[in-house]
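Structure file my_file_35.csv; described as CSV, C-alpha atoms and all ligand atoms.
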chain,number,residue,atom,x,y,z
P,1,MET,CA,-52.5,-6.5,-34.1
P,2,VAL,CA,-52.3,-9.9,-32.5
P,3,ASN,CA,-48.8,-11.1,-32.0
P,4,ILE,CA,-48.8,-14.8,-33.1
P,5,LYS,CA,-45.5,-15.6,-31.3
P,6,ASP,CA,-47.1,-14.3,-28.0
P,7,LEU,CA,-50.2,-16.5,-28.6
P,8,PHE,CA,-47.9,-19.5,-28.9
P,9,LYS,CA,-46.0,-18.5,-25.8
P,10,ASN,CA,-49.2,-17.9,-23.8
P,11,TYR,CA,-51.4,-20.7,-25.0
P,12,THR,CA,-49.5,-23.7,-26.3
P,13,LEU,CA,-47.4,-26.1,-24.2
P,14,ASN,CA,-43.8,-25.3,-24.3
P,15,THR,CA,-42.6,-28.5,-26.1
P,16,TYR,CA,-41.0,-27.0,-29.2
P,17,ASN,CA,-38.1,-24.6,-29.9
P,18,ARG,CA,-39.8,-22.5,-32.6
P,19,VAL,CA,-37.6,-20.4,-34.8
P,20,GLY,CA,-37.9,-17.9,-37.6
P,21,PRO,CA,-40.8,-15.7,-38.7
P,22,VAL,CA,-44.5,-16.4,-38.8
P,23,PHE,CA,-45.2,-18.3,-42.0
P,24,VAL,CA,-48.5,-17.7,-43.8
P,25,LYS,CA,-48.2,-19.4,-47.2
P,26,GLY,CA,-46.4,-22.1,-49.1
P,27,LYS,CA,-46.1,-23.3,-52.6
P,28,GLY,CA,-43.7,-26.0,-53.9
P,29,SER,CA,-40.3,-25.6,-52.1
P,30,PHE,CA,-41.1,-22.0,-51.0
P,31,LEU,CA,-42.7,-20.5,-47.9
P,32,TRP,CA,-43.7,-16.9,-47.3
P,33,ASP,CA,-43.8,-15.1,-44.0
P,34,ASP,CA,-46.3,-12.5,-42.8
P,35,LYS,CA,-44.1,-9.7,-44.2
P,36,GLY,CA,-44.0,-11.2,-47.7
P,37,ASN,CA,-40.4,-12.6,-47.4
P,38,LYS,CA,-39.8,-15.7,-49.4
P,39,TYR,CA,-38.0,-18.7,-47.9
P,40,LEU,CA,-36.5,-21.7,-49.7
P,41,ASP,CA,-37.5,-24.9,-47.8
P,42,PHE,CA,-35.0,-27.8,-47.9
P,43,PHE,CA,-36.9,-29.5,-45.1
P,44,PRO,CA,-40.6,-29.2,-45.9
P,45,GLY,CA,-42.7,-30.6,-43.1
P,46,TRP,CA,-39.7,-32.4,-41.6
P,47,GLY,CA,-39.7,-34.5,-44.8
P,48,SER,CA,-43.5,-35.2,-44.7
P,49,SER,CA,-44.4,-32.7,-47.5
P,50,ILE,CA,-42.8,-34.9,-50.0
P,51,LEU,CA,-44.4,-33.1,-52.9
P,52,GLY,CA,-43.7,-29.7,-51.5
P,53,HIS,CA,-46.2,-27.2,-50.1
P,54,CYS,CA,-49.8,-27.1,-51.5
P,55,HIS,CA,-49.2,-29.2,-54.6
P,56,PRO,CA,-52.1,-28.3,-57.0
P,57,ARG,CA,-53.1,-31.9,-57.5
P,58,LEU,CA,-53.3,-32.4,-53.7
P,59,VAL,CA,-55.2,-29.2,-53.3
P,60,LYS,CA,-57.7,-30.4,-55.9
P,61,ALA,CA,-58.0,-33.9,-54.4
P,62,ILE,CA,-58.6,-32.4,-50.9
P,63,THR,CA,-61.1,-29.9,-52.1
P,64,ASN,CA,-63.1,-32.5,-54.1
P,65,GLN,CA,-63.0,-35.0,-51.4
P,66,ALA,CA,-64.0,-32.5,-48.7
P,67,ASN,CA,-67.0,-31.7,-50.8
P,68,THR,CA,-67.9,-35.4,-51.1
P,69,LEU,CA,-67.1,-37.2,-47.8
P,70,ILE,CA,-64.6,-36.2,-45.1
P,71,HIS,CA,-64.8,-38.8,-42.5
P,72,LEU,CA,-66.3,-42.2,-41.8
P,73,PRO,CA,-65.4,-44.6,-39.0
P,74,ASN,CA,-63.9,-48.0,-39.7
P,75,ASN,CA,-67.0,-50.1,-39.2
P,76,LEU,CA,-68.3,-48.8,-42.6
P,77,TYR,CA,-67.2,-49.4,-46.2
P,78,PHE,CA,-66.0,-46.5,-48.4
P,79,PRO,CA,-63.8,-46.6,-51.6
P,80,GLU,CA,-60.9,-44.3,-50.8
P,81,GLN,CA,-59.2,-46.4,-48.0
P,82,ALA,CA,-59.5,-49.7,-49.9
P,83,ILE,CA,-58.1,-48.1,-53.1
P,84,LEU,CA,-55.1,-46.6,-51.2
P,85,ALA,CA,-54.5,-50.0,-49.5
P,86,GLN,CA,-54.4,-51.7,-52.9
P,87,GLU,CA,-52.0,-49.1,-54.2
P,88,ILE,CA,-49.6,-49.5,-51.3
P,89,ILE,CA,-49.6,-53.3,-51.7
P,90,LYS,CA,-49.2,-53.1,-55.5
P,91,ASN,CA,-46.0,-51.1,-54.9
P,92,SER,CA,-44.5,-52.9,-51.9
P,93,PHE,CA,-45.2,-56.6,-51.1
P,94,PRO,CA,-48.1,-59.0,-50.8
P,95,GLY,CA,-49.7,-58.0,-47.5
P,96,LYS,CA,-52.5,-56.1,-45.7
P,97,VAL,CA,-52.6,-52.5,-44.6
P,98,PHE,CA,-53.7,-51.0,-41.3
P,99,PHE,CA,-54.1,-47.2,-41.4
P,100,CYS,CA,-53.3,-44.9,-38.5
P,101,ASN,CA,-52.6,-41.2,-38.1
P,102,SER,CA,-48.9,-40.8,-37.6
P,103,GLY,CA,-45.5,-42.5,-37.5
P,104,THR,CA,-45.5,-43.3,-33.9
P,105,GLU,CA,-48.9,-45.0,-34.2
P,106,ALA,CA,-47.5,-47.1,-37.0
P,107,THR,CA,-44.7,-48.2,-34.6
P,108,GLU,CA,-47.3,-48.8,-32.0
P,109,GLY,CA,-49.2,-51.1,-34.4
P,110,ALA,CA,-46.1,-53.0,-35.5
P,111,VAL,CA,-45.1,-53.6,-31.8
P,112,LYS,CA,-48.7,-54.7,-30.9
P,113,PHE,CA,-48.7,-57.0,-33.9
P,114,SER,CA,-45.4,-58.5,-32.8
P,115,ARG,CA,-46.8,-59.2,-29.4
P,116,LEU,CA,-49.7,-61.1,-31.0
P,117,TYR,CA,-47.3,-63.0,-33.2
P,118,GLY,CA,-45.2,-64.0,-30.2
P,119,LYS,CA,-48.0,-64.8,-27.8
P,120,ASP,CA,-48.1,-68.6,-28.2
P,121,SER,CA,-44.4,-69.0,-28.0
P,122,GLY,CA,-44.0,-66.6,-25.0
P,123,ARG,CA,-41.9,-64.2,-27.0
P,124,TYR,CA,-42.0,-60.4,-26.8
P,125,GLU,CA,-38.5,-58.8,-26.9
P,126,ILE,CA,-37.7,-56.6,-29.8
P,127,ILE,CA,-34.2,-55.7,-30.9
P,128,THR,CA,-33.7,-52.1,-31.9
P,129,MET,CA,-30.8,-49.9,-33.1
P,130,LYS,CA,-28.8,-47.3,-31.3
P,131,ASN,CA,-29.5,-43.8,-32.6
P,132,SER,CA,-32.8,-45.0,-34.1
P,133,PHE,CA,-36.0,-42.9,-34.0
P,134,HIS,CA,-39.5,-44.5,-34.0
P,135,GLY,CA,-41.8,-41.9,-32.4
P,136,ARG,CA,-43.0,-40.4,-29.2
P,137,SER,CA,-45.7,-42.6,-27.9
P,138,PHE,CA,-44.6,-45.2,-25.4
P,139,ALA,CA,-43.9,-48.0,-27.9
P,140,GLY,CA,-42.2,-45.5,-30.2
P,141,LEU,CA,-40.1,-44.1,-27.4
P,142,SER,CA,-39.2,-47.6,-26.1
P,143,ALA,CA,-38.0,-48.6,-29.6
P,144,THR,CA,-36.1,-45.4,-30.0
P,145,GLY,CA,-32.4,-45.9,-29.4
P,146,GLN,CA,-31.7,-42.4,-28.0
P,147,ALA,CA,-31.7,-41.8,-24.2
P,148,LYS,CA,-32.4,-38.0,-24.6
P,149,TYR,CA,-36.0,-38.7,-25.8
P,150,LYS,CA,-37.0,-41.2,-23.2
P,151,ASP,CA,-34.9,-41.1,-20.0
P,152,MET,CA,-37.2,-38.6,-18.3
P,153,PHE,CA,-40.2,-40.8,-19.0
P,154,LYS,CA,-38.9,-44.0,-17.3
P,155,PRO,CA,-40.0,-46.6,-16.8
P,156,ILE,CA,-40.6,-47.2,-20.5
P,157,LEU,CA,-41.4,-50.6,-22.0
P,158,PRO,CA,-38.7,-52.9,-20.7
P,159,THR,CA,-39.0,-55.3,-23.7
P,160,PHE,CA,-36.6,-53.6,-26.1
P,161,ARG,CA,-32.9,-54.5,-26.6
P,162,GLU,CA,-30.6,-51.9,-28.1
P,163,VAL,CA,-27.6,-52.8,-30.4
P,164,PRO,CA,-25.2,-50.7,-32.4
P,165,PHE,CA,-26.3,-50.0,-35.9
P,166,ASN,CA,-24.5,-52.1,-38.6
P,167,ASP,CA,-23.1,-54.5,-36.0
P,168,PHE,CA,-24.6,-57.9,-36.7
P,169,GLN,CA,-22.5,-59.8,-34.2
P,170,ALA,CA,-23.9,-57.6,-31.4
P,171,LEU,CA,-27.4,-58.2,-32.7
P,172,GLN,CA,-26.9,-61.9,-32.9
P,173,LYS,CA,-25.8,-61.9,-29.2
P,174,LYS,CA,-29.1,-60.3,-28.2
P,175,ILE,CA,-31.3,-63.0,-29.8
P,176,ASN,CA,-32.7,-65.3,-27.2
P,177,LYS,CA,-35.8,-67.4,-26.5
P,178,ARG,CA,-37.9,-64.3,-25.8
P,179,THR,CA,-37.0,-62.4,-29.0
P,180,ILE,CA,-39.8,-61.8,-31.4
P,181,ALA,CA,-38.7,-59.0,-33.8
P,182,VAL,CA,-36.0,-56.6,-35.1
P,183,ILE,CA,-37.0,-53.0,-35.9
P,184,LEU,CA,-34.8,-50.7,-37.9
P,185,GLU,CA,-34.7,-47.8,-40.3
P,186,PHE,CA,-32.6,-48.6,-43.4
P,187,ILE,CA,-31.4,-45.1,-43.2
P,188,GLN,CA,-31.6,-43.5,-39.8
P,189,GLY,CA,-33.1,-40.1,-40.3
P,190,GLU,CA,-33.1,-38.4,-36.8
P,191,GLY,CA,-30.0,-40.3,-36.0
P,192,GLY,CA,-28.1,-38.4,-38.7
P,193,VAL,CA,-28.6,-40.2,-42.1
P,194,ASN,CA,-26.8,-43.4,-41.1
P,195,ILE,CA,-27.1,-45.9,-43.9
P,196,ALA,CA,-27.5,-49.7,-43.2
P,197,ASP,CA,-24.9,-51.9,-44.9
P,198,LYS,CA,-26.3,-54.4,-47.4
P,199,GLU,CA,-24.6,-57.2,-45.5
P,200,PHE,CA,-26.0,-56.1,-42.2
P,201,ILE,CA,-29.5,-56.2,-43.6
P,202,SER,CA,-29.1,-59.6,-45.4
P,203,ASN,CA,-27.7,-61.1,-42.2
P,204,ILE,CA,-30.6,-59.8,-40.1
P,205,LYS,CA,-33.0,-61.2,-42.7
P,206,LYS,CA,-31.3,-64.6,-42.4
P,207,ALA,CA,-31.4,-64.5,-38.6
P,208,CYS,CA,-35.1,-63.6,-38.7
P,209,GLN,CA,-35.8,-66.6,-40.9
P,210,ALA,CA,-33.7,-68.9,-38.8
P,211,ASN,CA,-35.2,-67.8,-35.5
P,212,ASP,CA,-38.8,-67.0,-36.6
P,213,LEU,CA,-38.4,-63.3,-35.9
P,214,LEU,CA,-40.3,-60.5,-37.6
P,215,PHE,CA,-38.3,-58.0,-39.6
P,216,ILE,CA,-39.9,-54.6,-39.0
P,217,ALA,CA,-38.8,-51.9,-41.4
P,218,ASP,CA,-39.6,-48.3,-40.3
P,219,GLU,CA,-40.1,-46.5,-43.6
P,220,VAL,CA,-41.8,-43.5,-42.0
P,221,GLN,CA,-39.0,-41.2,-43.3
P,222,THR,CA,-37.4,-43.3,-46.0
P,223,GLY,CA,-40.7,-44.3,-47.7
P,224,MET,CA,-42.6,-42.7,-50.6
P,225,GLY,CA,-39.7,-42.1,-52.9
P,226,ARG,CA,-37.5,-40.3,-50.4
P,227,THR,CA,-34.4,-42.4,-51.3
P,228,GLY,CA,-35.1,-42.7,-55.0
P,229,GLU,CA,-37.1,-45.9,-54.7
P,230,LEU,CA,-40.7,-45.9,-53.6
P,231,PHE,CA,-39.6,-47.8,-50.4
P,232,CYS,CA,-36.1,-48.1,-49.2
P,233,PHE,CA,-36.2,-51.9,-48.8
P,234,LYS,CA,-36.0,-52.0,-52.6
P,235,HIS,CA,-32.4,-50.9,-52.4
P,236,TYR,CA,-31.8,-54.1,-50.4
P,237,ASP,CA,-32.3,-57.7,-51.4
P,238,ILE,CA,-35.1,-58.3,-48.8
P,239,ILE,CA,-38.8,-57.9,-48.1
P,240,PRO,CA,-39.8,-56.9,-44.6
P,241,ASP,CA,-42.5,-58.8,-42.6
P,242,ILE,CA,-43.9,-55.4,-41.4
P,243,MET,CA,-43.3,-52.0,-42.9
P,244,THR,CA,-44.4,-48.7,-41.2
P,245,LEU,CA,-45.2,-45.6,-43.1
P,246,ALA,CA,-46.3,-42.0,-42.4
P,247,LYS,CA,-44.6,-38.7,-43.2
P,248,GLY,CA,-44.6,-38.6,-47.1
P,249,LEU,CA,-47.6,-40.9,-47.4
P,250,GLY,CA,-49.9,-37.9,-47.1
P,251,SER,CA,-47.5,-35.2,-48.2
P,252,GLY,CA,-48.5,-33.0,-45.3
P,253,VAL,CA,-51.8,-34.5,-44.4
P,254,PRO,CA,-51.7,-36.6,-41.3
P,255,ILE,CA,-51.8,-40.3,-42.2
P,256,GLY,CA,-49.8,-43.3,-41.2
P,257,ALA,CA,-50.0,-47.0,-41.9
P,258,PHE,CA,-48.3,-50.4,-41.2
P,259,VAL,CA,-48.2,-53.1,-43.8
P,260,VAL,CA,-48.1,-56.8,-42.7
P,261,SER,CA,-47.0,-59.6,-45.0
P,262,ASN,CA,-49.7,-62.0,-46.1
P,263,ARG,CA,-47.8,-64.8,-44.5
P,264,ILE,CA,-48.7,-63.6,-41.0
P,265,ALA,CA,-51.5,-61.0,-41.5
P,266,ASP,CA,-54.3,-63.3,-40.6
P,267,ILE,CA,-53.5,-63.6,-36.9
P,268,ILE,CA,-55.0,-60.2,-36.2
P,269,LYS,CA,-58.8,-60.2,-35.8
P,270,PRO,CA,-61.6,-57.7,-35.5
P,271,GLY,CA,-61.5,-55.7,-32.2
P,272,MET,CA,-57.8,-56.2,-31.6
P,273,HIS,CA,-56.6,-52.8,-32.9
P,274,GLY,CA,-58.3,-49.7,-34.2
P,275,SER,CA,-58.5,-45.9,-34.5
P,276,THR,CA,-61.4,-43.5,-34.8
P,277,PHE,CA,-59.9,-41.1,-37.3
P,278,ALA,CA,-57.5,-43.3,-39.2
P,279,GLY,CA,-57.8,-44.0,-42.9
P,280,SER,CA,-60.6,-41.5,-43.4
P,281,PRO,CA,-61.9,-40.8,-47.0
P,282,LEU,CA,-60.1,-37.4,-46.9
P,283,VAL,CA,-56.6,-38.6,-46.0
P,284,THR,CA,-56.6,-41.8,-48.0
P,285,ARG,CA,-57.8,-40.0,-51.1
P,286,VAL,CA,-54.8,-37.7,-50.6
P,287,GLY,CA,-52.4,-40.7,-50.1
P,288,TYR,CA,-53.6,-42.2,-53.4
P,289,GLU,CA,-53.0,-38.9,-55.2
P,290,VAL,CA,-49.4,-38.8,-53.8
P,291,PHE,CA,-48.7,-42.2,-55.4
P,292,LYS,CA,-50.2,-41.0,-58.7
P,293,VAL,CA,-48.2,-37.7,-58.7
P,294,ILE,CA,-44.9,-39.6,-57.9
P,295,LYS,CA,-45.6,-41.9,-60.9
P,296,ASP,CA,-47.0,-39.4,-63.4
P,297,ASP,CA,-44.2,-36.9,-62.8
P,298,ASN,CA,-41.5,-39.5,-62.8
P,299,LEU,CA,-40.3,-38.3,-59.4
P,300,LEU,CA,-38.3,-41.4,-58.4
P,301,ALA,CA,-35.9,-40.9,-61.3
P,302,LYS,CA,-35.9,-37.2,-60.4
P,303,ALA,CA,-35.1,-37.9,-56.8
P,304,ASN,CA,-32.2,-40.1,-57.9
P,305,ASP,CA,-30.7,-37.6,-60.3
P,306,LEU,CA,-31.1,-34.6,-58.0
P,307,GLY,CA,-29.8,-36.7,-55.0
P,308,LYS,CA,-26.7,-37.6,-57.0
P,309,TYR,CA,-26.3,-34.0,-57.9
P,310,ILE,CA,-26.5,-32.7,-54.4
P,311,PHE,CA,-24.3,-35.5,-53.1
P,312,ALA,CA,-21.6,-34.5,-55.7
P,313,GLN,CA,-21.9,-30.8,-54.6
P,314,PHE,CA,-21.6,-31.9,-50.9
P,315,LYS,CA,-18.4,-33.8,-51.8
P,316,ILE,CA,-17.0,-30.7,-53.4
P,317,PHE,CA,-17.8,-28.7,-50.2
P,318,LYS,CA,-16.1,-31.4,-48.2
P,319,ALA,CA,-12.9,-31.2,-50.3
P,320,ARG,CA,-13.0,-27.4,-49.9
P,321,PHE,CA,-14.0,-26.9,-46.3
P,322,PRO,CA,-11.9,-28.7,-43.7
P,323,PHE,CA,-14.7,-28.5,-41.0
P,324,ILE,CA,-16.9,-30.8,-43.1
P,325,LYS,CA,-16.2,-34.3,-41.8
P,326,ASP,CA,-18.5,-36.5,-43.8
P,327,VAL,CA,-21.2,-36.5,-46.5
P,328,ARG,CA,-24.0,-39.1,-46.5
P,329,GLY,CA,-27.2,-39.7,-48.3
P,330,LYS,CA,-29.4,-41.6,-50.8
P,331,GLY,CA,-31.9,-40.0,-53.1
P,332,LEU,CA,-33.2,-36.8,-51.5
P,333,MET,CA,-32.2,-37.8,-47.9
P,334,LEU,CA,-28.8,-36.2,-47.3
P,335,ALA,CA,-26.6,-35.0,-44.5
P,336,LEU,CA,-23.4,-33.1,-43.9
P,337,GLU,CA,-21.4,-33.9,-40.8
P,338,PHE,CA,-19.3,-31.1,-39.3
P,339,ASN,CA,-16.5,-30.7,-36.8
P,340,LEU,CA,-18.6,-27.9,-35.4
P,341,ASP,CA,-22.0,-27.0,-33.9
P,342,ALA,CA,-24.5,-27.5,-36.8
P,343,SER,CA,-27.2,-25.4,-35.1
P,344,LYS,CA,-25.1,-22.3,-35.9
P,345,ILE,CA,-25.3,-23.3,-39.6
P,346,GLU,CA,-29.1,-23.9,-39.3
P,347,GLU,CA,-29.4,-20.4,-37.8
P,348,ALA,CA,-27.2,-18.7,-40.4
P,349,ALA,CA,-29.2,-20.4,-43.2
P,350,LEU,CA,-32.5,-19.3,-41.8
P,351,LYS,CA,-31.2,-15.7,-41.7
P,352,GLN,CA,-30.5,-16.1,-45.4
P,353,LYS,CA,-34.0,-17.6,-45.9
P,354,LEU,CA,-33.0,-21.2,-46.4
P,355,ILE,CA,-34.6,-23.8,-44.1
P,356,ILE,CA,-32.4,-26.8,-43.2
P,357,LYS,CA,-32.2,-28.9,-40.0
P,358,ALA,CA,-29.5,-29.6,-37.5
P,359,THR,CA,-29.5,-33.0,-35.8
P,360,GLN,CA,-27.3,-34.9,-33.3
P,361,GLY,CA,-25.3,-31.7,-32.6
P,362,ASN,CA,-23.0,-31.6,-35.6
P,363,ILE,CA,-25.1,-32.8,-38.5
P,364,ILE,CA,-27.2,-30.9,-41.0
P,365,ARG,CA,-29.9,-33.0,-42.7
P,366,ILE,CA,-31.9,-32.0,-45.7
P,367,LEU,CA,-35.1,-33.6,-47.0
P,368,PRO,CA,-36.1,-31.5,-50.1
P,369,ALA,CA,-39.4,-32.1,-51.9
P,370,LEU,CA,-39.1,-34.7,-54.6
P,371,ASN,CA,-40.3,-32.2,-57.2
P,372,ILE,CA,-37.8,-29.4,-56.2
P,373,SER,CA,-36.1,-28.0,-59.3
P,374,LYS,CA,-32.4,-28.0,-60.0
P,375,GLN,CA,-32.5,-24.2,-60.1
P,376,GLU,CA,-34.0,-24.1,-56.6
P,377,LEU,CA,-31.4,-26.6,-55.4
P,378,ASP,CA,-28.6,-24.5,-56.8
P,379,LYS,CA,-29.9,-21.5,-55.0
P,380,GLY,CA,-29.9,-23.3,-51.6
P,381,LEU,CA,-26.5,-24.8,-52.3
P,382,GLY,CA,-25.2,-21.3,-53.1
P,383,ILE,CA,-26.5,-20.0,-49.7
P,384,LEU,CA,-24.7,-22.9,-48.0
P,385,GLU,CA,-21.5,-22.3,-49.8
P,386,GLY,CA,-21.7,-18.6,-48.8
P,387,ILE,CA,-22.1,-19.6,-45.1
P,388,PHE,CA,-19.2,-22.1,-45.3
P,389,LYS,CA,-16.9,-19.4,-46.8
P,390,GLN,CA,-17.6,-17.1,-43.8
P,391,ILE,CA,-16.6,-19.8,-41.2
O,1,LIG,C1,-40.8,-39.1,-37.9
O,1,LIG,C2,-40.5,-40.5,-37.6
O,1,LIG,C3,-41.4,-41.3,-36.8
O,1,LIG,C4,-42.5,-40.7,-36.0
O,1,LIG,O1,-43.5,-40.1,-36.8
O,1,LIG,P1,-44.6,-39.2,-36.1
O,1,LIG,O2,-45.6,-39.0,-37.2
O,1,LIG,O3,-43.9,-37.9,-35.7
O,1,LIG,O4,-45.2,-39.9,-35.0
O,1,LIG,C5,-41.1,-42.6,-36.7
O,1,LIG,N1,-40.1,-43.2,-37.3
O,1,LIG,C6,-39.3,-42.5,-38.1
O,1,LIG,C7,-38.2,-43.2,-38.9
O,1,LIG,C8,-39.5,-41.1,-38.3
O,1,LIG,O5,-38.6,-40.4,-39.1
Take the structure I supplied and represent it as structure tokens, if you would.
Ligand SMILES: *Cc1c(COP(=O)(O)O)cnc(C)c1O
Amino acid sequence: MVNIKDLFKNYTLNTYNRVGPVFVKGKGSFLWDDKGNKYLDFFPGWGSSILGHCHPRLVKAITNQANTLIHLPNNLYFPEQAILAQEIIKNSFPGKVFFCNSGTEATEGAVKFSRLYGKDSGRYEIITMKNSFHGRSFAGLSATGQAKYKDMFKPILPTFREVPFNDFQALQKKINKRTIAVILEFIQGEGGVNIADKEFISNIKKACQANDLLFIADEVQTGMGRTGELFCFKHYDIIPDIMTLAKGLGSGVPIGAFVVSNRIADIIKPGMHGSTFAGSPLVTRVGYEVFKVIKDDNLLAKANDLGKYIFAQFKIFKARFPFIKDVRGKGLMLALEFNLDASKIEEAALKQKLIIKATQGNIIRILPALNISKQELDKGLGILEGIFKQI
């Protein structure tokens, strides 16, 4: 029989630390391996499978659309992309959407747009946050405030200025006559679920208005209901100038987008940006269905309730287990910070058929599907409790 792990080793570039068994099937918050073992997934698709695995309405939308029209390039008209764009705008802010294929491409687009915006005034510097994550292409890497992702690829774009998260004074000091934008995640995902203070965000918004800077909100991970609102900016009293999306937008189908406020959208013209695959009938039909399922199944309220429930359970763990240093989260984006190596906890959980993710050395992050059941959550929390008791 073919050994799948050998095929990976022999034929794919060695860029990932793959773990666990060979998975062959998924449904909701569960995965099955090739021996029929069932796993509970608290990190489906690194947060992208926001409706869990193989949601029946997405399967149906994909099947119908695949039988109708899969791909068209962007010099032609077709309904699905226009309808999804309208849905995104109806649910966010008055603006225009550009579709791409991933989160890093959404960053790329936001950075290119900022360059256009700053062209006449000779401005191009973008302020970014320490511990941020914005993707792996060169603009994404350059915006990312973590040396471990980019140092080996130097020289990266020299036009980004890093400041500590939640430190407005430091940010203010970096604003100069070349500054054009600020980019941030309201809740840093890869960085360990670090939540932006309300005051920090409102101060940045004021500084952006005062200095004619663009406020770029990276909602690749926080968007699509992850935090209990459709978009995380709704927890804050602001509207971004540019918002990037990907991950949950397709619930597992590769799609990204950036949204530009109507106030500035018209500066971009035909030919200035583009993508062959992006916004195809297939993926945009799926994106639209994701919005509909979130609405029809009342998943925002569910994410809020379940998020509060997990948060409370995590707090109980913290009170019981001295090696838990901190508990953070909003909606279904949550983290436990430890006084110990979190990868050991990730490994122990995998052995007990629970998928979670370690980040930043000592943090465990979970991004469960919005439609996970309380019973499934309890099962996973029970496994975690068992692991903590053994430490
Ligand atoms: C995952 C992520 C990205 C990059 O998305 P890709 O689709 O992997 O390119 C960018 N920003 C944030 C906040 C992310 O979580």
Would you give me, as JSON lines, each residue of chain P having an atom within 6 Å of an atom of ligand LIG 1 (chain O), along with its shortest atom pair and that distance in Å to one decimal, using all atoms listed in the file and sorting by chain and residue number?
{"residue": "P:Ser102", "atom": "CA", "partner": "O:LIG1", "partner_atom": "O2", "distance": 3.8}
{"residue": "P:Gly103", "atom": "CA", "partner": "O:LIG1", "partner_atom": "O1", "distance": 3.2}
{"residue": "P:Thr104", "atom": "CA", "partner": "O:LIG1", "partner_atom": "O4", "distance": 3.6}
{"residue": "P:Phe133", "atom": "CA", "partner": "O:LIG1", "partner_atom": "N1", "distance": 5.3}
{"residue": "P:His134", "atom": "CA", "partner": "O:LIG1", "partner_atom": "N1", "distance": 3.6}
{"residue": "P:Gly135", "atom": "CA", "partner": "O:LIG1", "partner_atom": "C4", "distance": 3.9}
{"residue": "P:Glu185", "atom": "CA", "partner": "O:LIG1", "partner_atom": "C7", "distance": 5.9}
{"residue": "P:Gly189", "atom": "CA", "partner": "O:LIG1", "partner_atom": "O5", "distance": 5.6}
{"residue": "P:Asp218", "atom": "CA", "partner": "O:LIG1", "partner_atom": "C7", "distance": 5.5}
{"residue": "P:Val220", "atom": "CA", "partner": "O:LIG1", "partner_atom": "C6", "distance": 4.7}
{"residue": "P:Gln221", "atom": "CA", "partner": "O:LIG1", "partner_atom": "O5", "distance": 4.3}
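Between Leu282 of chain P and the residues P:Ala335, P:Ala246, P:Leu69, P:Ala139, the shortest atom-to-atom distance, using only C-alpha atoms, involves P:Leu69.
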Closest of P:Val97, P:Gly20, P:Ala82, P:Ala319 to Leu245 of chain P, counting all atoms listed in the file, is P:Val97
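Among the candidates P:Pro368, P:Leu116, P:Leu51, P:Gln65, the residue lying nearest to Lys269 of chain P is P:Leu116 (atoms considered: only C-alpha atoms).
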Skipping near chain neighbours, those fewer than 5 positions away, what residues fall within 7 Å of Gly228 of chain P using all atoms listed in the file, listed as number ranges by chain? P: 300-301, 303-304, 331
Using the selection just defined, write its residues with C-alpha atoms as an mmCIF file, in the frame of the given file.
data_model
loop_
_atom_site.group_PDB
_atom_site.id
_atom_site.type_symbol
_atom_site.label_atom_id
_atom_site.label_comp_id
_atom_site.auth_asym_id
_atom_site.auth_seq_id
_atom_site.Cartn_x
_atom_site.Cartn_y
_atom_site.Cartn_z
ATOM 1 C CA LEU P 300 -38.300 -41.400 -58.400
ATOM 2 C CA ALA P 301 -35.900 -40.900 -61.300
ATOM 3 C CA ALA P 303 -35.100 -37.900 -56.800
ATOM 4 C CA ASN P 304 -32.200 -40.100 -57.900
ATOM 5 C CA GLY P 331 -31.900 -40.000 -53.100
#
### Task
Name all residues at most 10 Å from Lys389 of chain P (count only C-alpha atoms; drop same-chain ones fewer than 3 positions away) and give them as a ChimeraX atom specification.
/P:317,320-321,384-386
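Counting from atom CA of His273 of chain P, the distance to atom CA of Gly122 of chain P is 20.3 Å.
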For Ile126 of chain P, please output as a short mmCIF file (atom, residue, chain, number, x, y, z; two decimals) with C-alpha atoms, keeping the file's coordinate frame all residues within 10 Å (counting all atoms listed in the file; exclusion window: fewer than 4 positions along the same chain).
data_model
loop_
_atom_site.label_atom_id
_atom_site.label_comp_id
_atom_site.auth_asym_id
_atom_site.auth_seq_id
_atom_site.Cartn_x
_atom_site.Cartn_y
_atom_site.Cartn_z
CA VAL P 111 -45.10 -53.60 -31.80
CA SER P 114 -45.40 -58.50 -32.80
CA ARG P 115 -46.80 -59.20 -29.40
CA SER P 142 -39.20 -47.60 -26.10
CA ALA P 143 -38.00 -48.60 -29.60
CA PRO P 158 -38.70 -52.90 -20.70
CA THR P 159 -39.00 -55.30 -23.70
CA PHE P 160 -36.60 -53.60 -26.10
CA ARG P 161 -32.90 -54.50 -26.60
CA GLU P 162 -30.60 -51.90 -28.10
CA LYS P 174 -29.10 -60.30 -28.20
CA ILE P 175 -31.30 -63.00 -29.80
CA ARG P 178 -37.90 -64.30 -25.80
CA THR P 179 -37.00 -62.40 -29.00
CA ILE P 180 -39.80 -61.80 -31.40
CA ALA P 181 -38.70 -59.00 -33.80
CA VAL P 182 -36.00 -56.60 -35.10
CA ILE P 183 -37.00 -53.00 -35.90
CA LEU P 213 -38.40 -63.30 -35.90
CA LEU P 214 -40.30 -60.50 -37.60
CA PHE P 215 -38.30 -58.00 -39.60
CA ILE P 216 -39.90 -54.60 -39.00
#
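The interatomic distance for the pair atom CA of Arg365 of chain P and atom CA of Asn194 of chain P works out to 11.0 Å.
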Students should find that atom CA of Asn64 of chain P and atom CA of Asp297 of chain P are spaced 21.3 Å
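In this comparison, which uses all atoms listed in the file, the residue of P:Gln169, P:Ala348, P:Lys302, P:Val283 approaching Thr63 of chain P most closely is P:Val283.
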Across P:Asp241, P:Asp33, P:Asp212, P:Glu105, the smallest distance to Ser121 of chain P, with all atoms listed in the file counted, is shown by P:Asp212
